[in-house]
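**Student:** One file: protein09.pdb (PDB, C-alpha atoms, pLDDT in the B column).
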```pdb
ATOM      1  CA  MET A   1     135.422  90.937  37.935  1.00 41.00           C
ATOM      2  CA  SER A   2     132.921  91.258  35.082  1.00 43.00           C
ATOM      3  CA  ALA A   3     133.826  90.902  31.416  1.00 46.00           C
ATOM      4  CA  SER A   4     133.382  94.649  30.992  1.00 46.00           C
ATOM      5  CA  THR A   5     136.104  95.373  33.568  1.00 50.00           C
ATOM      6  CA  LEU A   6     138.626  92.893  32.173  1.00 51.00           C
ATOM      7  CA  PRO A   7     141.440  94.245  29.992  1.00 49.00           C
ATOM      8  CA  PRO A   8     141.158  94.158  26.202  1.00 53.00           C
ATOM      9  CA  VAL A   9     142.920  91.265  24.484  1.00 53.00           C
ATOM     10  CA  ALA A  10     145.731  93.551  23.322  1.00 54.00           C
ATOM     11  CA  ALA A  11     146.793  93.830  26.977  1.00 49.00           C
ATOM     12  CA  ILE A  12     146.633  90.148  27.951  1.00 61.00           C
ATOM     13  CA  GLY A  13     149.055  88.363  25.655  1.00 78.00           C
ATOM     14  CA  LEU A  14     146.481  86.711  23.403  1.00 91.00           C
ATOM     15  CA  SER A  15     147.797  83.836  21.328  1.00 94.00           C
ATOM     16  CA  LEU A  16     146.034  82.331  18.342  1.00 96.00           C
ATOM     17  CA  ARG A  17     146.823  78.821  17.204  1.00 96.00           C
ATOM     18  CA  LEU A  18     145.792  76.357  14.579  1.00 97.00           C
ATOM     19  CA  ASP A  19     144.230  73.675  16.738  1.00 96.00           C
ATOM     20  CA  ASP A  20     143.477  69.953  16.560  1.00 95.00           C
ATOM     21  CA  LEU A  21     140.359  70.260  18.783  1.00 96.00           C
ATOM     22  CA  SER A  22     141.700  67.722  21.295  1.00 96.00           C
ATOM     23  CA  ASP A  23     141.431  69.976  24.361  1.00 96.00           C
ATOM     24  CA  PRO A  24     138.147  69.251  26.216  1.00 96.00           C
ATOM     25  CA  ARG A  25     137.691  72.985  26.837  1.00 96.00           C
ATOM     26  CA  ILE A  26     137.201  73.409  23.090  1.00 96.00           C
ATOM     27  CA  ALA A  27     134.440  70.789  23.091  1.00 95.00           C
ATOM     28  CA  ALA A  28     132.742  72.626  25.967  1.00 95.00           C
ATOM     29  CA  LEU A  29     132.931  75.992  24.145  1.00 96.00           C
ATOM     30  CA  LEU A  30     131.516  74.426  20.981  1.00 94.00           C
ATOM     31  CA  GLU A  31     128.686  72.786  22.946  1.00 92.00           C
ATOM     32  CA  GLU A  32     127.831  76.202  24.391  1.00 91.00           C
ATOM     33  CA  HIS A  33     127.848  77.562  20.834  1.00 89.00           C
ATOM     34  CA  LEU A  34     125.558  74.811  19.538  1.00 87.00           C
ATOM     35  CA  ALA A  35     123.194  75.218  22.510  1.00 87.00           C
ATOM     36  CA  ASP A  36     122.819  78.938  21.751  1.00 84.00           C
ATOM     37  CA  MET A  37     122.228  78.258  18.054  1.00 84.00           C
ATOM     38  CA  ARG A  38     119.533  75.698  18.927  1.00 84.00           C
ATOM     39  CA  ARG A  39     117.955  78.137  21.375  1.00 86.00           C
ATOM     40  CA  VAL A  40     117.537  80.959  18.842  1.00 86.00           C
ATOM     41  CA  SER A  41     116.931  79.039  15.594  1.00 89.00           C
ATOM     42  CA  PRO A  42     114.756  76.091  14.589  1.00 87.00           C
ATOM     43  CA  PRO A  43     116.662  72.801  14.094  1.00 83.00           C
ATOM     44  CA  GLU A  44     116.573  72.958  10.285  1.00 90.00           C
ATOM     45  CA  SER A  45     118.195  76.397  10.411  1.00 89.00           C
ATOM     46  CA  VAL A  46     121.117  75.506  12.694  1.00 89.00           C
ATOM     47  CA  HIS A  47     124.162  75.194  10.438  1.00 91.00           C
ATOM     48  CA  ALA A  48     126.873  75.166  13.097  1.00 87.00           C
ATOM     49  CA  LEU A  49     129.364  72.322  12.767  1.00 87.00           C
ATOM     50  CA  ASP A  50     129.805  69.835  15.573  1.00 88.00           C
ATOM     51  CA  LEU A  51     133.213  68.722  16.844  1.00 90.00           C
ATOM     52  CA  GLU A  52     133.565  65.811  14.409  1.00 93.00           C
ATOM     53  CA  ARG A  53     132.711  67.894  11.342  1.00 94.00           C
ATOM     54  CA  LEU A  54     135.226  70.524  12.447  1.00 95.00           C
ATOM     55  CA  LYS A  55     137.936  67.845  12.347  1.00 96.00           C
ATOM     56  CA  ARG A  56     137.483  67.199   8.622  1.00 97.00           C
ATOM     57  CA  PRO A  57     140.461  67.939   6.350  1.00 97.00           C
ATOM     58  CA  GLU A  58     138.735  70.850   4.585  1.00 97.00           C
ATOM     59  CA  VAL A  59     138.443  72.724   7.907  1.00 98.00           C
ATOM     60  CA  ARG A  60     141.151  74.795   9.587  1.00 98.00           C
ATOM     61  CA  PHE A  61     140.217  75.495  13.215  1.00 97.00           C
ATOM     62  CA  TRP A  62     141.775  78.330  15.224  1.00 98.00           C
ATOM     63  CA  THR A  63     141.604  78.990  18.961  1.00 97.00           C
ATOM     64  CA  ALA A  64     142.410  82.080  21.037  1.00 97.00           C
ATOM     65  CA  TRP A  65     144.091  81.713  24.448  1.00 96.00           C
ATOM     66  CA  ASP A  66     145.249  84.166  27.072  1.00 93.00           C
ATOM     67  CA  ALA A  67     148.661  84.035  28.733  1.00 90.00           C
ATOM     68  CA  SER A  68     147.297  81.957  31.625  1.00 91.00           C
ATOM     69  CA  GLY A  69     145.999  79.268  29.255  1.00 93.00           C
ATOM     70  CA  GLU A  70     142.319  80.224  29.325  1.00 95.00           C
ATOM     71  CA  LEU A  71     140.382  79.511  26.118  1.00 97.00           C
ATOM     72  CA  LEU A  72     138.839  82.797  24.981  1.00 96.00           C
ATOM     73  CA  GLY A  73     137.388  81.971  21.586  1.00 97.00           C
ATOM     74  CA  CYS A  74     137.547  80.101  18.318  1.00 97.00           C
ATOM     75  CA  GLY A  75     136.741  80.203  14.636  1.00 97.00           C
ATOM     76  CA  ALA A  76     137.198  78.049  11.569  1.00 97.00           C
ATOM     77  CA  LEU A  77     137.645  78.182   7.820  1.00 98.00           C
ATOM     78  CA  LYS A  78     135.891  75.534   5.747  1.00 98.00           C
ATOM     79  CA  ARG A  79     137.215  75.235   2.203  1.00 98.00           C
ATOM     80  CA  LEU A  80     134.330  75.158  -0.264  1.00 97.00           C
ATOM     81  CA  SER A  81     136.344  75.230  -3.506  1.00 95.00           C
ATOM     82  CA  GLY A  82     139.800  76.174  -4.684  1.00 92.00           C
ATOM     83  CA  ASP A  83     139.331  79.869  -3.974  1.00 96.00           C
ATOM     84  CA  HIS A  84     136.175  80.043  -1.796  1.00 98.00           C
ATOM     85  CA  ALA A  85     135.937  79.317   1.933  1.00 98.00           C
ATOM     86  CA  GLU A  86     133.284  79.669   4.605  1.00 98.00           C
ATOM     87  CA  LEU A  87     133.720  81.164   8.039  1.00 98.00           C
ATOM     88  CA  LYS A  88     132.408  78.723  10.676  1.00 96.00           C
ATOM     89  CA  SER A  89     132.187  78.323  14.455  1.00 95.00           C
ATOM     90  CA  MET A  90     133.003  81.872  15.471  1.00 96.00           C
ATOM     91  CA  ARG A  91     132.577  81.920  19.234  1.00 94.00           C
ATOM     92  CA  THR A  92     133.863  84.024  22.111  1.00 95.00           C
ATOM     93  CA  ALA A  93     133.731  82.618  25.629  1.00 94.00           C
ATOM     94  CA  THR A  94     131.066  84.425  27.645  1.00 91.00           C
ATOM     95  CA  ALA A  95     133.591  85.819  30.150  1.00 90.00           C
ATOM     96  CA  ALA A  96     135.746  87.229  27.340  1.00 93.00           C
ATOM     97  CA  ARG A  97     133.059  89.110  25.390  1.00 91.00           C
ATOM     98  CA  GLY A  98     133.592  92.772  24.637  1.00 90.00           C
ATOM     99  CA  ARG A  99     137.384  92.498  24.829  1.00 91.00           C
ATOM    100  CA  GLY A 100     138.277  92.144  21.143  1.00 93.00           C
ATOM    101  CA  VAL A 101     138.581  88.355  21.006  1.00 96.00           C
ATOM    102  CA  ALA A 102     136.207  87.976  18.057  1.00 96.00           C
ATOM    103  CA  ARG A 103     138.028  90.694  16.109  1.00 96.00           C
ATOM    104  CA  ALA A 104     141.393  89.001  16.782  1.00 96.00           C
ATOM    105  CA  VAL A 105     140.046  85.605  15.690  1.00 97.00           C
ATOM    106  CA  LEU A 106     138.413  87.086  12.584  1.00 97.00           C
ATOM    107  CA  ASN A 107     141.632  88.892  11.624  1.00 96.00           C
ATOM    108  CA  ARG A 108     143.569  85.627  12.006  1.00 97.00           C
ATOM    109  CA  LEU A 109     141.003  83.790   9.856  1.00 97.00           C
ATOM    110  CA  LEU A 110     141.166  86.478   7.167  1.00 98.00           C
ATOM    111  CA  ALA A 111     144.967  86.238   7.097  1.00 97.00           C
ATOM    112  CA  ASP A 112     144.836  82.441   7.025  1.00 97.00           C
ATOM    113  CA  ALA A 113     142.319  82.500   4.172  1.00 98.00           C
ATOM    114  CA  ARG A 114     144.630  84.769   2.164  1.00 97.00           C
ATOM    115  CA  ASP A 115     147.595  82.517   2.951  1.00 97.00           C
ATOM    116  CA  GLN A 116     145.574  79.525   1.708  1.00 96.00           C
ATOM    117  CA  GLY A 117     144.787  81.210  -1.611  1.00 97.00           C
ATOM    118  CA  VAL A 118     141.164  81.983  -0.796  1.00 98.00           C
ATOM    119  CA  CYS A 119     139.767  84.873  -2.841  1.00 98.00           C
ATOM    120  CA  ARG A 120     136.203  84.832  -1.480  1.00 98.00           C
ATOM    121  CA  LEU A 121     135.134  84.270   2.113  1.00 98.00           C
ATOM    122  CA  SER A 122     131.450  83.770   2.957  1.00 98.00           C
ATOM    123  CA  LEU A 123     129.425  83.064   6.075  1.00 98.00           C
ATOM    124  CA  GLU A 124     125.968  82.188   7.291  1.00 96.00           C
ATOM    125  CA  THR A 125     124.643  83.585  10.548  1.00 95.00           C
ATOM    126  CA  GLY A 126     121.266  84.324  12.043  1.00 93.00           C
ATOM    127  CA  PRO A 127     119.364  87.550  11.374  1.00 94.00           C
ATOM    128  CA  GLN A 128     117.978  87.749  14.929  1.00 91.00           C
ATOM    129  CA  ASP A 129     118.981  90.455  17.415  1.00 93.00           C
ATOM    130  CA  PHE A 130     121.041  87.826  19.265  1.00 91.00           C
ATOM    131  CA  PHE A 131     123.516  88.014  16.354  1.00 92.00           C
ATOM    132  CA  ALA A 132     123.727  91.844  16.191  1.00 94.00           C
ATOM    133  CA  PRO A 133     127.303  91.968  17.597  1.00 94.00           C
ATOM    134  CA  ALA A 134     128.393  89.440  14.952  1.00 95.00           C
ATOM    135  CA  HIS A 135     126.697  91.437  12.185  1.00 96.00           C
ATOM    136  CA  ALA A 136     128.532  94.588  13.274  1.00 97.00           C
ATOM    137  CA  LEU A 137     131.862  92.741  13.415  1.00 97.00           C
ATOM    138  CA  TYR A 138     131.439  91.200   9.969  1.00 98.00           C
ATOM    139  CA  ARG A 139     130.299  94.469   8.367  1.00 98.00           C
ATOM    140  CA  SER A 140     133.256  96.300   9.894  1.00 97.00           C
ATOM    141  CA  ALA A 141     135.536  93.710   8.281  1.00 98.00           C
ATOM    142  CA  GLY A 142     134.073  94.290   4.820  1.00 98.00           C
ATOM    143  CA  PHE A 143     131.431  91.554   4.652  1.00 98.00           C
ATOM    144  CA  GLU A 144     128.238  92.396   2.771  1.00 98.00           C
ATOM    145  CA  ALA A 145     124.893  90.646   2.526  1.00 98.00           C
ATOM    146  CA  CYS A 146     124.611  88.120  -0.279  1.00 98.00           C
ATOM    147  CA  GLY A 147     122.383  85.268  -1.350  1.00 97.00           C
ATOM    148  CA  PRO A 148     122.729  81.650  -0.290  1.00 97.00           C
ATOM    149  CA  PHE A 149     125.921  79.889  -1.338  1.00 97.00           C
ATOM    150  CA  GLU A 150     127.295  76.333  -1.413  1.00 92.00           C
ATOM    151  CA  GLY A 151     124.124  74.332  -0.786  1.00 91.00           C
ATOM    152  CA  TYR A 152     122.332  76.807   1.482  1.00 96.00           C
ATOM    153  CA  VAL A 153     118.796  77.895   0.581  1.00 95.00           C
ATOM    154  CA  GLU A 154     116.799  81.032   1.360  1.00 95.00           C
ATOM    155  CA  ASP A 155     115.757  80.825   4.992  1.00 94.00           C
ATOM    156  CA  PRO A 156     114.181  83.472   7.251  1.00 95.00           C
ATOM    157  CA  TYR A 157     116.583  82.320   9.991  1.00 94.00           C
ATOM    158  CA  SER A 158     119.723  82.818   7.897  1.00 95.00           C
ATOM    159  CA  LEU A 159     121.696  85.873   6.901  1.00 96.00           C
ATOM    160  CA  PHE A 160     124.382  85.273   4.275  1.00 98.00           C
ATOM    161  CA  MET A 161     127.414  87.520   3.927  1.00 98.00           C
ATOM    162  CA  THR A 162     130.526  87.487   1.752  1.00 98.00           C
ATOM    163  CA  ARG A 163     133.634  89.482   0.899  1.00 98.00           C
ATOM    164  CA  THR A 164     136.539  89.220  -1.467  1.00 98.00           C
ATOM    165  CA  LEU A 165     140.080  89.070  -0.139  1.00 97.00           C
TER     166      LEU A 165
END
```
Please go through the file and, once you have read it, give me the structure as structure tokens.
**Tutor:**
Amino acid sequence: MSASTLPPVAAIGLSLRLDDLSDPRIAALLEEHLADMRRVSPPESVHALDLERLKRPEVRFWTAWDASGELLGCGALKRLSGDHAELKSMRTATAARGRGVARAVLNRLLADARDQGVCRLSLETGPQDFFAPAHALYRSAGFEACGPFEGYVEDPYSLFMTRTL
């Protein structure tokens, strides 16, 4: 069965949980994420966090699972200041793409950011066509292009977006 013939996440009992990153399936998904980032961007423009940096106290890491226990996706919030956070490590498992996993994870991250007192949420992603689905998702959730933030610099391989909550 291809990803396009699988049911949307609303029909599969998706659960989202704040995670400690101890499950080896999470490490594998993040390695896949990093490999893709390295494939489409030069090394100095890859800003994805590795497993150890995602375990830091300023990061809240969420995972999405189906009812059978399959890891479908993940995303994280990295606190930048008292009221500003960055969206990090958004990834949907290849087999789960096109089923609403990314939207469910993003909605959970937006709610978590609000619950944590975040007023501004920003992100960095690539401008390449590879990232077009992410761009569409972020725009549909109210993110708009912005300049570099929190230590980033102008880079032809980076697209910066932000929104208020």
**Student:** What does the distance between atom CA of Arg79 of chain A and atom CA of Cys119 of chain A come to in Å, to one decimal place?
**Tutor:**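 About the pair atom CA of Arg79 of chain A and atom CA of Cys119 of chain A: they are 11.2 Å apart.
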**Student:** Take every atom of segment 59-74 of chain A listed in the file, fit an axis-aligned box around them, add 4 Å per side, and give the centre and edge lengths in Å to one decimal as lines of an AutoDock Vina configuration file.
**Tutor:**
```
center_x = 143.0
center_y = 78.4
center_z = 19.8
size_x = 19.3
size_y = 19.4
size_z = 31.7
```
**Student:** Segment 58-151 of chain A near segment 16-35 of chain A within 6 Å: what's each residue's closest atom pair and its distance in Å to one decimal, counting all atoms listed in the file, ordered by chain then ascending residue number, as CSV?
**Tutor:**
```
residue,atom,partner,partner_atom,distance
A:Phe61,CA,A:Asp19,CA,5.6
A:Trp62,CA,A:Leu18,CA,4.5
A:Thr63,CA,A:Arg17,CA,5.5
A:Ala64,CA,A:Leu16,CA,4.5
```
**Student:** Keeping C-alpha atoms for every residue in the selection just given, could you write it to a file as a tab-separated table (two decimals), in the frame of the given file?
**Tutor:**
```
chain	number	residue	atom	x	y	z
A	61	PHE	CA	140.22	75.50	13.22
A	62	TRP	CA	141.78	78.33	15.22
A	63	THR	CA	141.60	78.99	18.96
A	64	ALA	CA	142.41	82.08	21.04
```
**Student:** When distances are computed from only C-alpha atoms, which of A:Arg38, A:Lys55, A:His84, A:His47 shows the smallest separation from Ser122 of chain A?
**Tutor:**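 Closest to Ser122 of chain A, using only C-alpha atoms: A:His84.
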**Student:** For Glu150 of chain A, which residue among A:Ser15, A:Thr125, A:Ser45, A:Ser81 is the nearest when counting all atoms listed in the file?
**Tutor:** A:Ser81
**Student:** Quick one: everything within 7 Å of Ala93 of chain A, counting all atoms listed in the file, minus sequence neighbours fewer than 3 positions away in the same chain. Send it as a list in words.
**Tutor:** Leu29, Leu72, Gly73, Ala96 and Arg97 of chain A
**Student:** For a test of reading the model, state the distance in Å between atom CA of Leu123 of chain A and atom CA of Gly13 of chain A, rounded to one decimal.
**Tutor:**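 One can read the atom CA of Leu123 of chain A to atom CA of Gly13 of chain A distance as 28.2 Å.
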**Student:** Using all atoms listed in the file, can you tell me which of A:Thr164, A:Ser158, A:Gln116, A:Thr92 comes closest to Leu77 of chain A?
**Tutor:** A:Gln116
**Student:** Quick one: distance from atom CA of Asp155 of chain A to atom CA of Asp36 of chain A in Å, one decimal?
**Tutor:**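 Taking atom CA of Asp155 of chain A as the start and atom CA of Asp36 of chain A as the end point, the length is 18.3 Å.
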**Student:** Using the chain letters and numbers from the file, which residues does the PyMOL selection byres ((chain A and resi 113) around 12) grab, as a ChimeraX atom specification?
**Tutor:** /A:59-62,76-80,82-87,106-112,114-122,163-165
**Student:** List the residues sitting within 12 Å of (119.4, 84.7, 0.8) in the file's frame, using all atoms listed in the file, as a PyMOL selection string.
**Tutor:** chain A and resi 123-127+144-162
**Student:** Nearest to Ala104 of chain A: which of A:Leu137, A:Ala132, A:Arg39, A:Arg56 is it, counting only C-alpha atoms?
**Tutor:**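 Looking only at the distances to Ala104 of chain A, the closest residue turns out to be A:Leu137.
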**Student:** Could you pull segment 125-148 of chain A out of the block above and save it with N, CA and C atoms, as an mmCIF file, in the first residue's frame?
**Tutor:**
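Wrote it out as result.cif, contents follow:
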```cif
data_model
loop_
_atom_site.group_PDB
_atom_site.id
_atom_site.type_symbol
_atom_site.label_atom_id
_atom_site.label_comp_id
_atom_site.auth_asym_id
_atom_site.auth_seq_id
_atom_site.Cartn_x
_atom_site.Cartn_y
_atom_site.Cartn_z
ATOM 1 N N THR A 125 14.127 27.283 7.270
ATOM 2 C CA THR A 125 14.019 26.136 6.378
ATOM 3 C C THR A 125 14.746 26.485 5.089
ATOM 4 N N GLY A 126 14.815 25.557 4.186
ATOM 5 C CA GLY A 126 15.465 25.823 2.914
ATOM 6 C C GLY A 126 14.514 26.444 1.911
ATOM 7 N N PRO A 127 15.028 27.219 0.976
ATOM 8 C CA PRO A 127 14.177 27.818 -0.058
ATOM 9 C C PRO A 127 13.989 26.914 -1.278
ATOM 10 N N GLN A 128 14.705 25.808 -1.339
ATOM 11 C CA GLN A 128 14.684 24.935 -2.515
ATOM 12 C C GLN A 128 13.311 24.274 -2.687
ATOM 13 N N ASP A 129 13.070 23.786 -3.905
ATOM 14 C CA ASP A 129 11.807 23.116 -4.224
ATOM 15 C C ASP A 129 11.548 21.923 -3.302
ATOM 16 N N PHE A 130 12.599 21.276 -2.839
ATOM 17 C CA PHE A 130 12.465 20.150 -1.911
ATOM 18 C C PHE A 130 11.585 20.528 -0.718
ATOM 19 N N PHE A 131 11.647 21.792 -0.296
ATOM 20 C CA PHE A 131 10.939 22.262 0.891
ATOM 21 C C PHE A 131 9.561 22.858 0.576
ATOM 22 N N ALA A 132 9.112 22.797 -0.672
ATOM 23 C CA ALA A 132 7.833 23.407 -1.051
ATOM 24 C C ALA A 132 6.659 22.927 -0.192
ATOM 25 N N PRO A 133 6.535 21.630 0.115
ATOM 26 C CA PRO A 133 5.424 21.218 0.994
ATOM 27 C C PRO A 133 5.500 21.880 2.377
ATOM 28 N N ALA A 134 6.704 22.034 2.904
ATOM 29 C CA ALA A 134 6.864 22.695 4.206
ATOM 30 C C ALA A 134 6.463 24.161 4.106
ATOM 31 N N HIS A 135 6.896 24.828 3.040
ATOM 32 C CA HIS A 135 6.525 26.242 2.859
ATOM 33 C C HIS A 135 5.009 26.396 2.858
ATOM 34 N N ALA A 136 4.328 25.539 2.117
ATOM 35 C CA ALA A 136 2.862 25.625 2.032
ATOM 36 C C ALA A 136 2.225 25.391 3.398
ATOM 37 N N LEU A 137 2.734 24.415 4.132
ATOM 38 C CA LEU A 137 2.215 24.130 5.476
ATOM 39 C C LEU A 137 2.395 25.340 6.384
ATOM 40 N N TYR A 138 3.601 25.884 6.419
ATOM 41 C CA TYR A 138 3.876 27.009 7.314
ATOM 42 C C TYR A 138 3.054 28.239 6.936
ATOM 43 N N ARG A 139 2.944 28.526 5.647
ATOM 44 C CA ARG A 139 2.132 29.684 5.227
ATOM 45 C C ARG A 139 0.671 29.485 5.620
ATOM 46 N N SER A 140 0.176 28.267 5.465
ATOM 47 C CA SER A 140 -1.227 28.009 5.808
ATOM 48 C C SER A 140 -1.472 28.146 7.306
ATOM 49 N N ALA A 141 -0.420 28.062 8.099
ATOM 50 C CA ALA A 141 -0.540 28.206 9.550
ATOM 51 C C ALA A 141 -0.216 29.626 10.017
ATOM 52 N N GLY A 142 -0.074 30.548 9.068
ATOM 53 C CA GLY A 142 0.118 31.948 9.431
ATOM 54 C C GLY A 142 1.558 32.420 9.488
ATOM 55 N N PHE A 143 2.504 31.597 9.110
ATOM 56 C CA PHE A 143 3.909 32.034 9.087
ATOM 57 C C PHE A 143 4.145 32.897 7.861
ATOM 58 N N GLU A 144 4.980 33.929 8.042
ATOM 59 C CA GLU A 144 5.352 34.831 6.956
ATOM 60 C C GLU A 144 6.863 34.947 6.904
ATOM 61 N N ALA A 145 7.379 35.261 5.730
ATOM 62 C CA ALA A 145 8.818 35.440 5.566
ATOM 63 C C ALA A 145 9.307 36.564 6.473
ATOM 64 N N CYS A 146 10.501 36.404 6.977
ATOM 65 C CA CYS A 146 11.122 37.419 7.825
ATOM 66 C C CYS A 146 12.629 37.360 7.593
ATOM 67 N N GLY A 147 13.346 38.222 8.263
ATOM 68 C CA GLY A 147 14.796 38.204 8.187
ATOM 69 C C GLY A 147 15.378 37.207 9.175
ATOM 70 N N PRO A 148 16.684 37.050 9.143
ATOM 71 C CA PRO A 148 17.340 36.140 10.087
ATOM 72 C C PRO A 148 17.050 36.547 11.534
#
```
